[in-house]
>>> print(open('my_file24.cif').read())   # mmCIF, C-alpha atoms
data_model
#
loop_
_atom_site.label_atom_id
_atom_site.label_comp_id
_atom_site.auth_asym_id
_atom_site.auth_seq_id
_atom_site.Cartn_x
_atom_site.Cartn_y
_atom_site.Cartn_z
CA LEU Y 225 108.50 102.12 115.71
CA GLN Y 226 111.86 101.98 113.95
CA LEU Y 227 112.17 98.27 114.81
CA ALA Y 228 108.71 97.63 113.40
CA SER Y 229 109.49 99.50 110.19
CA ASP Y 230 112.77 97.58 109.78
CA ASP Y 231 111.28 94.11 110.25
CA VAL Y 232 107.51 94.00 110.09
CA THR Y 233 107.41 90.20 110.16
CA HIS Y 234 107.51 90.36 113.97
CA VAL Y 235 104.26 92.32 114.16
CA ILE Y 236 102.12 90.59 111.55
CA ALA Y 237 101.08 87.61 113.65
CA LYS Y 238 97.29 87.32 113.52
CA SER Y 239 96.94 88.27 117.18
CA THR Y 240 98.90 91.53 116.86
CA CYS Y 241 98.22 92.57 113.26
CA HIS Y 242 95.01 94.37 114.24
CA VAL Y 243 96.89 96.32 116.91
CA ALA Y 244 99.74 97.20 114.54
CA TRP Y 245 97.32 98.55 111.91
CA GLY Y 246 95.41 100.61 114.46
CA SER Y 247 98.54 101.99 116.10
CA MET Y 248 100.19 102.97 112.84
CA CYS Y 249 97.00 104.63 111.58
CA CYS Y 250 96.83 106.60 114.83
CA HIS Y 251 100.44 107.73 114.30
CA VAL Y 252 99.61 108.80 110.75
CA GLU Y 253 96.59 110.72 112.01
CA MET Y 254 98.19 112.38 115.04
CA GLY Y 255 101.95 112.31 114.54
CA ASP Y 256 104.33 114.90 113.17
CA LEU Y 257 105.72 114.53 109.64
CA VAL Y 258 108.54 112.21 110.73
CA MET Y 259 106.17 110.00 112.77
CA LYS Y 260 103.78 109.88 109.82
CA LYS Y 261 106.62 108.84 107.51
CA GLU Y 262 107.84 106.04 109.80
CA SER Y 263 104.29 104.81 110.39
CA LEU Y 264 103.66 104.73 106.64
CA THR Y 265 106.71 102.48 106.26
CA VAL Y 266 105.13 99.98 108.65
CA LEU Y 267 101.72 100.26 106.98
CA ASP Y 268 103.32 99.73 103.58
CA ARG Y 269 104.98 96.54 104.78
CA LEU Y 270 101.76 95.36 106.40
CA LEU Y 271 99.97 95.89 103.06
CA ILE Y 272 102.65 93.89 101.25
CA HIS Y 273 102.73 91.02 103.77
CA SER Y 274 99.10 90.74 104.88
CA GLY Y 275 96.98 92.70 102.41
CA LEU Y 276 94.23 95.03 103.54
CA PRO Y 277 93.19 94.89 107.20
CA THR Y 278 89.76 93.98 108.54
CA LEU Y 279 86.79 96.16 107.59
CA ASP Y 280 86.82 98.33 110.73
CA ILE Y 281 90.55 99.10 110.43
CA THR Y 282 90.30 99.55 106.65
CA LYS Y 283 87.81 102.36 107.19
CA TYR Y 284 90.25 104.09 109.58
CA PHE Y 285 93.20 103.41 107.28
CA LEU Y 286 91.41 104.91 104.26
CA SER Y 287 90.40 108.01 106.19
CA CYS Y 288 94.04 108.46 107.27
CA VAL Y 289 95.30 108.02 103.70
CA THR Y 290 92.80 110.50 102.24
CA ALA Y 291 93.50 113.02 105.03
CA LEU Y 292 97.22 112.65 104.35
CA ILE Y 293 96.67 113.20 100.61
CA GLU Y 294 94.66 116.31 101.45
CA LEU Y 295 97.43 117.54 103.78
CA LEU Y 296 100.05 117.05 101.07
CA CYS Y 297 97.89 118.64 98.36
CA SER Y 298 97.32 121.65 100.62
CA GLY Y 299 101.06 122.20 100.85
CA CYS Y 300 101.88 121.05 104.40
CA GLU Y 301 102.52 124.63 105.50
CA GLY Y 302 105.32 125.00 108.03
CA GLY Y 303 106.83 121.62 107.21
CA ASN Y 304 110.45 121.03 106.31
CA LYS Y 305 110.73 120.60 102.51
CA SER Y 306 112.82 117.41 102.72
CA ASP Y 307 110.39 115.88 105.26
CA ILE Y 308 107.48 116.75 102.97
CA ILE Y 309 109.20 115.14 99.98
CA ASP Y 310 109.97 112.02 102.03
CA LEU Y 311 106.37 111.91 103.24
CA GLU Y 312 105.09 112.21 99.67
CA GLU Y 313 107.32 109.33 98.58
CA LYS Y 314 106.13 107.10 101.45
CA THR Y 315 102.51 108.06 100.87
CA SER Y 316 102.75 107.30 97.15
CA GLN Y 317 104.24 103.88 97.93
CA VAL Y 318 101.39 103.11 100.35
CA ILE Y 319 98.86 104.18 97.70
CA TYR Y 320 100.46 101.90 95.10
CA ASN Y 321 100.43 98.95 97.52
CA LEU Y 322 96.86 99.74 98.62
CA ILE Y 323 95.80 99.45 94.97
CA LYS Y 324 97.81 96.21 94.54
CA ALA Y 325 96.33 94.69 97.71
CA ASN Y 326 92.81 95.52 96.55
CA GLN Y 327 93.44 93.97 93.12
CA LYS Y 328 94.80 90.65 94.42
CA GLU Y 329 92.11 88.03 94.09
CA LEU Y 330 93.54 85.78 96.82
CA ASN Y 331 93.63 88.45 99.54
CA GLN Y 332 91.05 87.97 102.25
CA ASN Y 333 89.95 91.61 102.47
CA HIS Y 334 89.05 94.05 99.71
CA LEU Y 335 87.59 97.53 99.59
CA SER Y 336 83.80 97.56 99.55
CA ILE Y 337 81.87 99.42 96.87
CA SER Y 338 80.80 102.00 99.45
CA GLN Y 339 84.43 102.52 100.53
CA ILE Y 340 85.48 102.99 96.91
CA GLN Y 341 82.63 105.43 96.28
CA HIS Y 342 83.51 107.36 99.44
CA MET Y 343 87.19 107.49 98.51
CA LEU Y 344 86.33 108.75 95.02
CA GLN Y 345 84.13 111.45 96.56
CA GLN Y 346 86.90 112.50 98.97
CA MET Y 347 89.57 112.52 96.27
CA THR Y 348 87.31 114.66 94.08
CA VAL Y 349 86.91 117.21 96.88
CA VAL Y 350 90.70 117.30 97.34
CA ILE Y 351 91.38 117.69 93.60
CA VAL Y 352 88.70 120.35 93.16
CA THR Y 353 89.89 122.26 96.24
CA TYR Y 354 93.68 122.01 95.96
CA GLN Y 355 94.39 120.60 92.50
CA MET Y 356 97.92 119.18 92.62
CA LYS Y 357 99.98 122.37 92.39
CA LYS Y 358 101.61 121.96 95.77
CA LEU Y 359 102.63 118.34 95.40
CA ALA Y 360 106.41 118.21 95.16
CA THR Y 361 107.00 114.78 93.62
CA THR Y 362 105.93 113.13 90.40
CA ASN Y 363 105.38 109.85 92.28
CA MET Y 364 102.79 111.48 94.50
CA LYS Y 365 100.97 113.10 91.58
CA ASN Y 366 100.96 109.77 89.73
CA SER Y 367 99.76 107.81 92.75
CA VAL Y 368 96.85 110.21 93.34
CA MET Y 369 95.80 109.82 89.71
CA LYS Y 370 96.21 106.02 89.86
CA LEU Y 371 94.05 105.91 92.99
CA ILE Y 372 91.32 107.88 91.24
CA VAL Y 373 91.54 105.62 88.18
CA HIS Y 374 91.46 102.53 90.42
CA CYS Y 375 88.28 103.77 92.09
CA ILE Y 376 86.63 104.52 88.76
CA ASN Y 377 87.64 101.12 87.33
CA ARG Y 378 86.17 99.30 90.34
CA LEU Y 379 82.76 100.88 89.85
CA ASN Y 380 80.35 99.98 87.08
CA SER Y 381 78.80 102.51 84.72
CA SER Y 382 75.44 102.55 86.49
CA GLN Y 383 77.17 103.39 89.78
CA LEU Y 384 79.23 106.12 88.12
CA GLN Y 385 76.13 107.58 86.45
CA GLY Y 386 73.90 107.24 89.52
CA THR Y 387 72.54 110.14 91.53
CA VAL Y 388 75.39 110.02 94.06
CA LEU Y 389 78.41 109.79 91.78
CA LYS Y 390 77.28 111.56 88.60
CA PRO Y 391 77.89 115.06 90.08
CA VAL Y 392 81.16 113.79 91.59
CA MET Y 393 82.34 112.59 88.19
CA GLU Y 394 81.34 115.87 86.56
CA SER Y 395 83.27 117.87 89.19
CA LEU Y 396 86.27 115.57 88.90
CA THR Y 397 86.29 115.79 85.10
CA THR Y 398 86.09 119.59 85.19
CA ALA Y 399 88.92 119.80 87.77
CA LEU Y 400 91.16 117.43 85.82
CA ILE Y 401 90.60 119.33 82.57
CA LYS Y 402 91.52 122.53 84.41
CA ILE Y 403 94.68 120.90 85.81
CA LEU Y 404 95.71 119.52 82.43
CA GLY Y 405 94.98 122.82 80.75
CA THR Y 406 97.46 124.65 82.96
CA SER Y 407 100.94 123.21 82.46
CA ASP Y 408 102.36 124.47 85.76
CA ASN Y 409 99.73 122.48 87.68
CA CYS Y 410 100.86 119.10 86.36
#
>>> encode(input="my_file24.cif", output="structure tokens")
Amino acid sequence: LQLASDDVTHVIAKSTCHVAWGSMCCHVEMGDLVMKKESLTVLDRLLIHSGLPTLDITKYFLSCVTALIELLCSGCEGGNKSDIIDLEEKTSQVIYNLIKANQKELNQNHLSISQIQHMLQQMTVVIVTYQMKKLATTNMKNSVMKLIVHCINRLNSSQLQGTVLKPVMESLTTALIKILGTSDNC
């Protein structure tokens, strides 16, 4: 894993890229904080070098990212403070590069509208449930907000005002106003 995180160019050949994405997502899902951090380094480099993975792996990758955001927003109880801070920094970098990869016109794969809607719904649940009080780094707080903004910007007004997302947007707006209204939550 350390070798892969140091030089990802060896694992991004078309024949092994699918395996690398799946393996690293599994490590993020199942590994301890250190394994998650190292796996995020590889995923970050894969995002930079190859863009988003295929649709089936993208679904798994997004579920891992949102679960990791939820874990960090919940406070990662029992975790070493320095490991949590490192994990937040790696996670925020992956979020930034996820957004960049989805914005690049020339990339082969992009997030579907349903994936963006689902991510916005999940992020709303996390923000409503945990707010951002327990996030330790400014980078992580900023990346969560940028991810939410990215999702909103990728959807048109009729989607945002539709029956599925209108209550989500109302909940998100209420939660964000509450967060902004309490200075120690920001």
>>> resolve_selection(input="my_file24.cif", expression="the PyMOL selection byres ((chain Y and resi 371) around 9)", output="VMD selection string")
chain Y and resid 319 to 320 322 to 323 343 to 344 347 366 to 370 372 to 376
>>> resolve_selection(input="my_file24.cif", expression="the PyMOL selection byres ((chain Y and resi 363-365) around 12)", output="ChimeraX atom specification")
/Y:292-294,296-297,308-320,351,355-362,366-372,403,409-410
>>> resolve_selection(input="my_file24.cif", expression="the PyMOL selection byres ((chain Y and resi 249) around 9)", output="list in words")
Ala244, Trp245, Gly246, Ser247, Met248, Cys250, His251, Val252, Glu253, Met254, Lys260, Ser263, Leu264, Leu267, Ile281, Tyr284, Phe285, Cys288 and Val289 of chain Y
>>> residues_around(input="my_file24.cif", residues="segment 378-384 of chain Y", least_positions_apart="2", cutoff="10 Å", atoms="only C-alpha atoms", output="JSON, numbers by chain")
{"Y": [326, 327, 335, 336, 337, 338, 340, 341, 373, 374, 375, 376, 386, 387, 388, 389, 390, 391, 392, 393]}
>>> axis_aligned_box(input="my_file24.cif", around="segment 388-399 of chain Y", padding_each_side="5 Å", output="lines of an AutoDock Vina configuration file")
center_x = 82.2
center_y = 114.8
center_z = 89.6
size_x = 23.5
size_y = 20.0
size_z = 19.0
>>> decode(input="my_file24.cif", residues="segment 332-381 of chain Y", atoms="N, CA and C atoms", output="PDB file, in the first residue's frame")
ATOM      1  N   GLN Y 332     -13.392  10.980 -18.950  1.00  0.00           N
ATOM      2  CA  GLN Y 332     -14.321  10.011 -19.504  1.00  0.00           C
ATOM      3  C   GLN Y 332     -15.552   9.817 -18.619  1.00  0.00           C
ATOM      4  N   ASN Y 333     -15.361   9.790 -17.310  1.00  0.00           N
ATOM      5  CA  ASN Y 333     -16.452   9.512 -16.381  1.00  0.00           C
ATOM      6  C   ASN Y 333     -16.788  10.739 -15.544  1.00  0.00           C
ATOM      7  N   HIS Y 334     -18.090  10.926 -15.331  1.00  0.00           N
ATOM      8  CA  HIS Y 334     -18.591  12.003 -14.479  1.00  0.00           C
ATOM      9  C   HIS Y 334     -19.681  11.447 -13.575  1.00  0.00           C
ATOM     10  N   LEU Y 335     -19.985  12.178 -12.522  1.00  0.00           N
ATOM     11  CA  LEU Y 335     -21.067  11.769 -11.638  1.00  0.00           C
ATOM     12  C   LEU Y 335     -22.402  11.944 -12.358  1.00  0.00           C
ATOM     13  N   SER Y 336     -23.274  10.966 -12.210  1.00  0.00           N
ATOM     14  CA  SER Y 336     -24.605  11.066 -12.804  1.00  0.00           C
ATOM     15  C   SER Y 336     -25.466  11.986 -11.945  1.00  0.00           C
ATOM     16  N   ILE Y 337     -26.566  12.437 -12.506  1.00  0.00           N
ATOM     17  CA  ILE Y 337     -27.504  13.282 -11.764  1.00  0.00           C
ATOM     18  C   ILE Y 337     -28.018  12.532 -10.538  1.00  0.00           C
ATOM     19  N   SER Y 338     -28.317  11.256 -10.683  1.00  0.00           N
ATOM     20  CA  SER Y 338     -28.814  10.499  -9.526  1.00  0.00           C
ATOM     21  C   SER Y 338     -27.738  10.354  -8.448  1.00  0.00           C
ATOM     22  N   GLN Y 339     -26.477  10.208  -8.848  1.00  0.00           N
ATOM     23  CA  GLN Y 339     -25.398  10.149  -7.855  1.00  0.00           C
ATOM     24  C   GLN Y 339     -25.244  11.482  -7.130  1.00  0.00           C
ATOM     25  N   ILE Y 340     -25.370  12.564  -7.859  1.00  0.00           N
ATOM     26  CA  ILE Y 340     -25.267  13.890  -7.247  1.00  0.00           C
ATOM     27  C   ILE Y 340     -26.442  14.125  -6.296  1.00  0.00           C
ATOM     28  N   GLN Y 341     -27.639  13.767  -6.721  1.00  0.00           N
ATOM     29  CA  GLN Y 341     -28.806  13.909  -5.852  1.00  0.00           C
ATOM     30  C   GLN Y 341     -28.640  13.070  -4.584  1.00  0.00           C
ATOM     31  N   HIS Y 342     -28.178  11.836  -4.751  1.00  0.00           N
ATOM     32  CA  HIS Y 342     -27.993  10.952  -3.598  1.00  0.00           C
ATOM     33  C   HIS Y 342     -26.935  11.503  -2.639  1.00  0.00           C
ATOM     34  N   MET Y 343     -25.845  12.015  -3.211  1.00  0.00           N
ATOM     35  CA  MET Y 343     -24.792  12.581  -2.368  1.00  0.00           C
ATOM     36  C   MET Y 343     -25.311  13.803  -1.608  1.00  0.00           C
ATOM     37  N   LEU Y 344     -26.083  14.652  -2.268  1.00  0.00           N
ATOM     38  CA  LEU Y 344     -26.658  15.817  -1.601  1.00  0.00           C
ATOM     39  C   LEU Y 344     -27.590  15.379  -0.466  1.00  0.00           C
ATOM     40  N   GLN Y 345     -28.382  14.344  -0.704  1.00  0.00           N
ATOM     41  CA  GLN Y 345     -29.258  13.821   0.343  1.00  0.00           C
ATOM     42  C   GLN Y 345     -28.446  13.300   1.526  1.00  0.00           C
ATOM     43  N   GLN Y 346     -27.393  12.536   1.247  1.00  0.00           N
ATOM     44  CA  GLN Y 346     -26.564  11.990   2.318  1.00  0.00           C
ATOM     45  C   GLN Y 346     -25.834  13.081   3.086  1.00  0.00           C
ATOM     46  N   MET Y 347     -25.308  14.068   2.378  1.00  0.00           N
ATOM     47  CA  MET Y 347     -24.598  15.159   3.043  1.00  0.00           C
ATOM     48  C   MET Y 347     -25.563  15.961   3.911  1.00  0.00           C
ATOM     49  N   THR Y 348     -26.794  16.111   3.469  1.00  0.00           N
ATOM     50  CA  THR Y 348     -27.796  16.822   4.264  1.00  0.00           C
ATOM     51  C   THR Y 348     -28.070  16.071   5.560  1.00  0.00           C
ATOM     52  N   VAL Y 349     -28.213  14.754   5.484  1.00  0.00           N
ATOM     53  CA  VAL Y 349     -28.440  13.955   6.693  1.00  0.00           C
ATOM     54  C   VAL Y 349     -27.271  14.121   7.664  1.00  0.00           C
ATOM     55  N   VAL Y 350     -26.054  14.096   7.139  1.00  0.00           N
ATOM     56  CA  VAL Y 350     -24.853  14.250   7.988  1.00  0.00           C
ATOM     57  C   VAL Y 350     -24.833  15.625   8.639  1.00  0.00           C
ATOM     58  N   ILE Y 351     -25.090  16.669   7.864  1.00  0.00           N
ATOM     59  CA  ILE Y 351     -25.059  18.043   8.394  1.00  0.00           C
ATOM     60  C   ILE Y 351     -26.171  18.251   9.412  1.00  0.00           C
ATOM     61  N   VAL Y 352     -27.362  17.758   9.124  1.00  0.00           N
ATOM     62  CA  VAL Y 352     -28.478  17.904  10.058  1.00  0.00           C
ATOM     63  C   VAL Y 352     -28.191  17.137  11.346  1.00  0.00           C
ATOM     64  N   THR Y 353     -27.630  15.935  11.220  1.00  0.00           N
ATOM     65  CA  THR Y 353     -27.387  15.082  12.385  1.00  0.00           C
ATOM     66  C   THR Y 353     -26.209  15.548  13.231  1.00  0.00           C
ATOM     67  N   TYR Y 354     -25.088  15.852  12.586  1.00  0.00           N
ATOM     68  CA  TYR Y 354     -23.841  16.107  13.323  1.00  0.00           C
ATOM     69  C   TYR Y 354     -23.362  17.547  13.264  1.00  0.00           C
ATOM     70  N   GLN Y 355     -23.914  18.328  12.344  1.00  0.00           N
ATOM     71  CA  GLN Y 355     -23.397  19.660  12.044  1.00  0.00           C
ATOM     72  C   GLN Y 355     -21.918  19.497  11.683  1.00  0.00           C
ATOM     73  N   MET Y 356     -21.079  20.409  12.092  1.00  0.00           N
ATOM     74  CA  MET Y 356     -19.649  20.267  11.807  1.00  0.00           C
ATOM     75  C   MET Y 356     -18.821  20.570  13.043  1.00  0.00           C
ATOM     76  N   LYS Y 357     -19.445  20.500  14.207  1.00  0.00           N
ATOM     77  CA  LYS Y 357     -18.783  20.843  15.468  1.00  0.00           C
ATOM     78  C   LYS Y 357     -17.533  20.017  15.738  1.00  0.00           C
ATOM     79  N   LYS Y 358     -17.578  18.753  15.376  1.00  0.00           N
ATOM     80  CA  LYS Y 358     -16.494  17.855  15.749  1.00  0.00           C
ATOM     81  C   LYS Y 358     -15.389  17.757  14.703  1.00  0.00           C
ATOM     82  N   LEU Y 359     -15.542  18.459  13.596  1.00  0.00           N
ATOM     83  CA  LEU Y 359     -14.465  18.479  12.613  1.00  0.00           C
ATOM     84  C   LEU Y 359     -13.325  19.330  13.158  1.00  0.00           C
ATOM     85  N   ALA Y 360     -12.114  18.810  13.038  1.00  0.00           N
ATOM     86  CA  ALA Y 360     -10.964  19.463  13.657  1.00  0.00           C
ATOM     87  C   ALA Y 360     -10.264  20.459  12.741  1.00  0.00           C
ATOM     88  N   THR Y 361     -10.401  20.295  11.427  1.00  0.00           N
ATOM     89  CA  THR Y 361      -9.624  21.143  10.518  1.00  0.00           C
ATOM     90  C   THR Y 361     -10.521  22.031   9.661  1.00  0.00           C
ATOM     91  N   THR Y 362     -10.022  23.190   9.362  1.00  0.00           N
ATOM     92  CA  THR Y 362     -10.714  24.121   8.476  1.00  0.00           C
ATOM     93  C   THR Y 362     -10.830  23.533   7.079  1.00  0.00           C
ATOM     94  N   ASN Y 363      -9.790  22.831   6.612  1.00  0.00           N
ATOM     95  CA  ASN Y 363      -9.834  22.223   5.278  1.00  0.00           C
ATOM     96  C   ASN Y 363     -10.994  21.252   5.139  1.00  0.00           C
ATOM     97  N   MET Y 364     -11.241  20.477   6.178  1.00  0.00           N
ATOM     98  CA  MET Y 364     -12.332  19.508   6.117  1.00  0.00           C
ATOM     99  C   MET Y 364     -13.675  20.217   6.098  1.00  0.00           C
ATOM    100  N   LYS Y 365     -13.841  21.217   6.940  1.00  0.00           N
ATOM    101  CA  LYS Y 365     -15.087  21.988   6.950  1.00  0.00           C
ATOM    102  C   LYS Y 365     -15.325  22.623   5.578  1.00  0.00           C
ATOM    103  N   ASN Y 366     -14.279  23.217   5.013  1.00  0.00           N
ATOM    104  CA  ASN Y 366     -14.405  23.853   3.703  1.00  0.00           C
ATOM    105  C   ASN Y 366     -14.727  22.846   2.610  1.00  0.00           C
ATOM    106  N   SER Y 367     -14.086  21.686   2.658  1.00  0.00           N
ATOM    107  CA  SER Y 367     -14.321  20.696   1.604  1.00  0.00           C
ATOM    108  C   SER Y 367     -15.746  20.147   1.662  1.00  0.00           C
ATOM    109  N   VAL Y 368     -16.279  19.957   2.866  1.00  0.00           N
ATOM    110  CA  VAL Y 368     -17.669  19.506   2.999  1.00  0.00           C
ATOM    111  C   VAL Y 368     -18.597  20.542   2.383  1.00  0.00           C
ATOM    112  N   MET Y 369     -18.370  21.801   2.687  1.00  0.00           N
ATOM    113  CA  MET Y 369     -19.217  22.857   2.130  1.00  0.00           C
ATOM    114  C   MET Y 369     -19.055  22.944   0.613  1.00  0.00           C
ATOM    115  N   LYS Y 370     -17.826  22.807   0.113  1.00  0.00           N
ATOM    116  CA  LYS Y 370     -17.609  22.856  -1.341  1.00  0.00           C
ATOM    117  C   LYS Y 370     -18.282  21.686  -2.042  1.00  0.00           C
ATOM    118  N   LEU Y 371     -18.296  20.523  -1.392  1.00  0.00           N
ATOM    119  CA  LEU Y 371     -18.974  19.369  -1.977  1.00  0.00           C
ATOM    120  C   LEU Y 371     -20.480  19.622  -2.065  1.00  0.00           C
ATOM    121  N   ILE Y 372     -21.049  20.186  -1.026  1.00  0.00           N
ATOM    122  CA  ILE Y 372     -22.478  20.511  -1.040  1.00  0.00           C
ATOM    123  C   ILE Y 372     -22.774  21.532  -2.137  1.00  0.00           C
ATOM    124  N   VAL Y 373     -21.961  22.568  -2.228  1.00  0.00           N
ATOM    125  CA  VAL Y 373     -22.143  23.593  -3.259  1.00  0.00           C
ATOM    126  C   VAL Y 373     -21.992  22.983  -4.653  1.00  0.00           C
ATOM    127  N   HIS Y 374     -21.014  22.105  -4.818  1.00  0.00           N
ATOM    128  CA  HIS Y 374     -20.812  21.440  -6.109  1.00  0.00           C
ATOM    129  C   HIS Y 374     -22.065  20.657  -6.506  1.00  0.00           C
ATOM    130  N   CYS Y 375     -22.621  19.919  -5.568  1.00  0.00           N
ATOM    131  CA  CYS Y 375     -23.840  19.151  -5.851  1.00  0.00           C
ATOM    132  C   CYS Y 375     -24.983  20.074  -6.255  1.00  0.00           C
ATOM    133  N   ILE Y 376     -25.166  21.144  -5.508  1.00  0.00           N
ATOM    134  CA  ILE Y 376     -26.243  22.086  -5.810  1.00  0.00           C
ATOM    135  C   ILE Y 376     -26.034  22.729  -7.179  1.00  0.00           C
ATOM    136  N   ASN Y 377     -24.805  23.103  -7.499  1.00  0.00           N
ATOM    137  CA  ASN Y 377     -24.507  23.737  -8.784  1.00  0.00           C
ATOM    138  C   ASN Y 377     -24.703  22.801  -9.969  1.00  0.00           C
ATOM    139  N   ARG Y 378     -24.565  21.507  -9.757  1.00  0.00           N
ATOM    140  CA  ARG Y 378     -24.721  20.527 -10.834  1.00  0.00           C
ATOM    141  C   ARG Y 378     -26.177  20.173 -11.116  1.00  0.00           C
ATOM    142  N   LEU Y 379     -27.065  20.611 -10.244  1.00  0.00           N
ATOM    143  CA  LEU Y 379     -28.483  20.316 -10.424  1.00  0.00           C
ATOM    144  C   LEU Y 379     -29.209  21.573 -10.880  1.00  0.00           C
ATOM    145  N   ASN Y 380     -30.220  21.395 -11.717  1.00  0.00           N
ATOM    146  CA  ASN Y 380     -30.970  22.572 -12.159  1.00  0.00           C
ATOM    147  C   ASN Y 380     -32.070  22.898 -11.163  1.00  0.00           C
ATOM    148  N   SER Y 381     -32.678  24.055 -11.332  1.00  0.00           N
ATOM    149  CA  SER Y 381     -33.663  24.534 -10.354  1.00  0.00           C
ATOM    150  C   SER Y 381     -34.876  23.625 -10.261  1.00  0.00           C
TER     151      SER Y 381
END
